[in-house]
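Here the structure is laid out as structure tokens; the discussion comes afterwards.
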Amino acid sequence: MIPKIAVFDSGLGSLSVIKPIQKRINAEIIYFADQKNYPYGTKTVPQLDKIIKSTISTLQEKFSPDVIVVGSNTPSLLLHIEKKDKIFGVYPPLKEAVSKTRSGKIGILATRSVVKNKTLDKYIKKNVPSRIQVTKINATPLVDLVESGKFISQKQLSKDTIQKIINPHVENNIDVFTLSSTHLPFLVPILKELFPDITFLDPADVIAKHVTKILKHKSKKSRLKIYASGDLDTFQKKLKKIGIKNKVNPL
């Protein structure tokens, strides 16, 4: 039997979670871009709670997946979506960041609402020893570079935006950044080009490990089906810009 994995986000960002999963297991993967609620990062906690519960319920009803990945740090952190009932959230890989920093300073690149919310402070306190200095950084402009496709079509603008946000923190000796929005791994090639001596950690690898651990059935085929709410044509064009040719279906 082919395992079925559903991954969703408010846009195309969490497509970055798909490849690490596919490297570990062959499965039928359903990706849902909840465009009509983009971006999750500007929603209040009650709004997010309603959106996420409704989306999970719809995916369960339509596809009966073995696992659902809430592919966004924002609702995962703010709604405390941890590993339960085969529903997984995506969290900043802080323990890995602690083990890799040489300067004792790490940065968390996240959406504005996550950076401002006290839930992130609690998560930091739980996972980072007091000797390590943590800086929370609003990376919403970087998320927008990915969602708009500008990171491909407007390379210089993208580099300028990235440097404006990252440079001050590198100058302050931060040497490890967590990519705590699933949009951000799309920027890794540019980040490595601009900051070759800095470590950027992708949380998708942790999720892939968790998902494959509970899915014991292996299959010979790996399939990806993409669904979206909102304007399907616009989303299809966005995917085309980043080299994804899969047809977008209405949910």
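A note on labels: chains of the structure tokens are A, B, ... as shown, every chain counts residues from 1, and ligands are counted from 1 in their shown order.
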Worksheet entry | Contacts of Gly243 (chain A) within 10 Å, only C-alpha atoms, excl. fewer than 5 positions in-chain, as a list in words | Ile152, Lys237 and Lys238 of chain A
Discussion item. Can you pull out the residues contacting region 26-32 of chain A? Cut-off 7 Å, using only C-alpha atoms, and skip same-chain residues under 4 positions away; I want them as a PyMOL selection string.
Written reply: chain A and resi 2-9+22+218-228
Output C-alpha atoms for every residue in that selection, as a tab-separated table (two decimals), in the first residue's frame.
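Result saved to result_38.tsv:
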chain	number	residue	atom	x	y	z
A	2	ILE	CA	1.34	3.43	-0.96
A	3	PRO	CA	1.69	5.78	2.04
A	4	LYS	CA	-0.09	9.10	1.62
A	5	ILE	CA	1.38	12.34	2.99
A	6	ALA	CA	-0.40	15.71	2.94
A	7	VAL	CA	1.63	18.90	3.28
A	8	PHE	CA	0.06	22.36	3.39
A	9	ASP	CA	1.01	26.00	3.72
A	22	GLN	CA	11.08	12.10	-1.22
A	218	LYS	CA	7.52	1.50	1.26
A	219	SER	CA	6.34	1.89	-2.32
A	220	LYS	CA	8.10	1.91	-5.65
A	221	LYS	CA	6.48	5.09	-6.92
A	222	SER	CA	6.58	8.65	-5.68
A	223	ARG	CA	3.84	11.00	-6.82
A	224	LEU	CA	3.17	14.67	-6.13
A	225	LYS	CA	-0.26	16.23	-6.63
A	226	ILE	CA	-0.67	19.96	-6.07
A	227	TYR	CA	-3.90	21.66	-4.99
A	228	ALA	CA	-4.66	25.29	-4.18
Item to complete: Name all residues at most 8 Å from region 189-198 of chain A (count only C-alpha atoms; drop same-chain ones fewer than 3 positions away) and give them as JSON, numbers by chain.
Response: {"A": [159, 162, 163, 175, 176, 177, 186]}
Would you write out those residues with C-alpha atoms, as a PDB file, in the first residue's frame?
ATOM      1  CA  LYS A 159      20.464  39.966  -3.071  1.00  0.00           C
ATOM      2  CA  ILE A 162      18.809  39.615   1.775  1.00  0.00           C
ATOM      3  CA  GLN A 163      21.945  41.624   2.566  1.00  0.00           C
ATOM      4  CA  ASP A 175      27.280  32.491  12.543  1.00  0.00           C
ATOM      5  CA  VAL A 176      24.216  30.178  12.423  1.00  0.00           C
ATOM      6  CA  PHE A 177      20.730  31.077  11.195  1.00  0.00           C
ATOM      7  CA  PHE A 186      14.521  28.315  -1.700  1.00  0.00           C
TER       8      PHE A 186
END
Which of region 88-192 of chain A counts as alpha helix (DSSP H) under DSSP, as an mmCIF file with C-alpha atoms, in the first residue's frame please?
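Printed below is result-v9.cif as written:
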data_model
loop_
_atom_site.group_PDB
_atom_site.id
_atom_site.type_symbol
_atom_site.label_atom_id
_atom_site.label_comp_id
_atom_site.auth_asym_id
_atom_site.auth_seq_id
_atom_site.Cartn_x
_atom_site.Cartn_y
_atom_site.Cartn_z
ATOM 1 C CA LEU A 94 17.438 25.262 17.580
ATOM 2 C CA LYS A 95 19.242 22.282 19.134
ATOM 3 C CA GLU A 96 21.164 21.785 15.895
ATOM 4 C CA ALA A 97 21.925 25.508 15.780
ATOM 5 C CA VAL A 98 23.341 25.357 19.318
ATOM 6 C CA SER A 99 25.594 22.446 18.368
ATOM 7 C CA LYS A 100 26.926 24.252 15.289
ATOM 8 C CA ARG A 112 6.778 38.901 11.753
ATOM 9 C CA SER A 113 3.998 37.301 13.824
ATOM 10 C CA VAL A 114 6.302 34.523 15.074
ATOM 11 C CA VAL A 115 9.067 36.986 15.975
ATOM 12 C CA LYS A 116 6.629 39.116 17.995
ATOM 13 C CA LYS A 118 5.941 35.142 23.229
ATOM 14 C CA THR A 119 5.502 31.481 22.243
ATOM 15 C CA LEU A 120 8.813 31.676 20.390
ATOM 16 C CA ASP A 121 10.492 33.012 23.544
ATOM 17 C CA LYS A 122 9.242 29.960 25.469
ATOM 18 C CA TYR A 123 10.465 27.632 22.715
ATOM 19 C CA ILE A 124 13.900 29.290 22.807
ATOM 20 C CA LYS A 125 14.095 29.012 26.597
ATOM 21 C CA LYS A 126 13.210 25.307 26.388
ATOM 22 C CA ASN A 127 15.759 24.456 23.669
ATOM 23 C CA THR A 140 8.814 38.422 6.063
ATOM 24 C CA PRO A 141 10.435 40.413 3.191
ATOM 25 C CA LEU A 142 12.468 37.281 2.327
ATOM 26 C CA VAL A 143 9.328 35.120 2.390
ATOM 27 C CA ASP A 144 7.764 37.574 -0.071
ATOM 28 C CA LEU A 145 10.780 37.238 -2.417
ATOM 29 C CA VAL A 146 10.052 33.519 -2.695
ATOM 30 C CA GLU A 147 6.254 33.679 -2.904
ATOM 31 C CA SER A 148 6.431 36.329 -5.653
ATOM 32 C CA LYS A 150 11.372 37.555 -7.482
ATOM 33 C CA PHE A 151 14.229 35.445 -6.087
ATOM 34 C CA ILE A 152 14.479 34.037 -9.612
ATOM 35 C CA SER A 153 13.270 36.890 -11.830
ATOM 36 C CA LYS A 155 18.240 38.399 -8.613
ATOM 37 C CA GLN A 156 19.886 41.731 -7.757
ATOM 38 C CA LEU A 157 16.825 43.007 -5.880
ATOM 39 C CA SER A 158 16.784 39.713 -3.971
ATOM 40 C CA LYS A 159 20.464 39.966 -3.071
ATOM 41 C CA ASP A 160 20.031 43.552 -1.893
ATOM 42 C CA THR A 161 17.013 42.613 0.259
ATOM 43 C CA ILE A 162 18.809 39.615 1.775
ATOM 44 C CA GLN A 163 21.945 41.624 2.566
ATOM 45 C CA LYS A 164 19.914 44.408 4.165
ATOM 46 C CA ILE A 165 18.331 41.908 6.569
ATOM 47 C CA ILE A 166 21.249 39.533 7.215
ATOM 48 C CA ASN A 167 24.340 41.803 7.127
ATOM 49 C CA PRO A 168 23.811 43.604 10.470
ATOM 50 C CA HIS A 169 23.523 40.258 12.263
ATOM 51 C CA VAL A 170 26.578 38.745 10.585
ATOM 52 C CA GLU A 171 28.488 41.874 11.610
ATOM 53 C CA VAL A 188 19.820 28.875 0.148
ATOM 54 C CA PRO A 189 21.854 29.155 -3.109
ATOM 55 C CA ILE A 190 21.825 32.973 -2.817
ATOM 56 C CA LEU A 191 22.466 32.882 0.940
ATOM 57 C CA LYS A 192 25.490 30.614 0.445
#
Worksheet entry | Nearest-residue call for Asp202 (chain A), choices A:Ile137, A:Leu77, A:Ile244, A:Leu109, using only C-alpha atoms |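 Closest candidate: A:Leu109.
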Discussion item. Between A:Ala110, A:Tyr40, A:Val134, A:Leu15, which residue has the minimum interatomic distance to Leu239 (chain A), considering only C-alpha atoms?
Written reply: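 Nearest to Leu239 (chain A): A:Leu15.
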Practice prompt. For each of A:Gly13, A:Glu61, A:Gln236, A:Leu79, take the minimum atom-to-atom distance to Thr44 (chain A), counting only C-alpha atoms, then give the residue where this is smallest.
Written response: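 Going through A:Gly13, A:Glu61, A:Gln236, A:Leu79 one by one, the smallest distance to Thr44 (chain A) is for A:Leu79.
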Can you build me a table of region 112-199 of chain A residues sitting at most 8 Å from region 84-92 of chain A, with the closest atom pair per residue and its distance in Å to one decimal, using only C-alpha atoms, sorted by chain and residue number, as a tab-separated table?
residue	atom	partner	partner_atom	distance
A:Thr178	CA	A:Pro92	CA	6.1
A:Leu179	CA	A:Pro92	CA	7.2
A:Ser180	CA	A:Pro92	CA	5.1
Fill in: Shortest interatomic distance to Asn172 (chain A) - which of A:Pro75, A:Gly104, A:Pro93, A:Pro203, counting only C-alpha atoms
A:Gly104
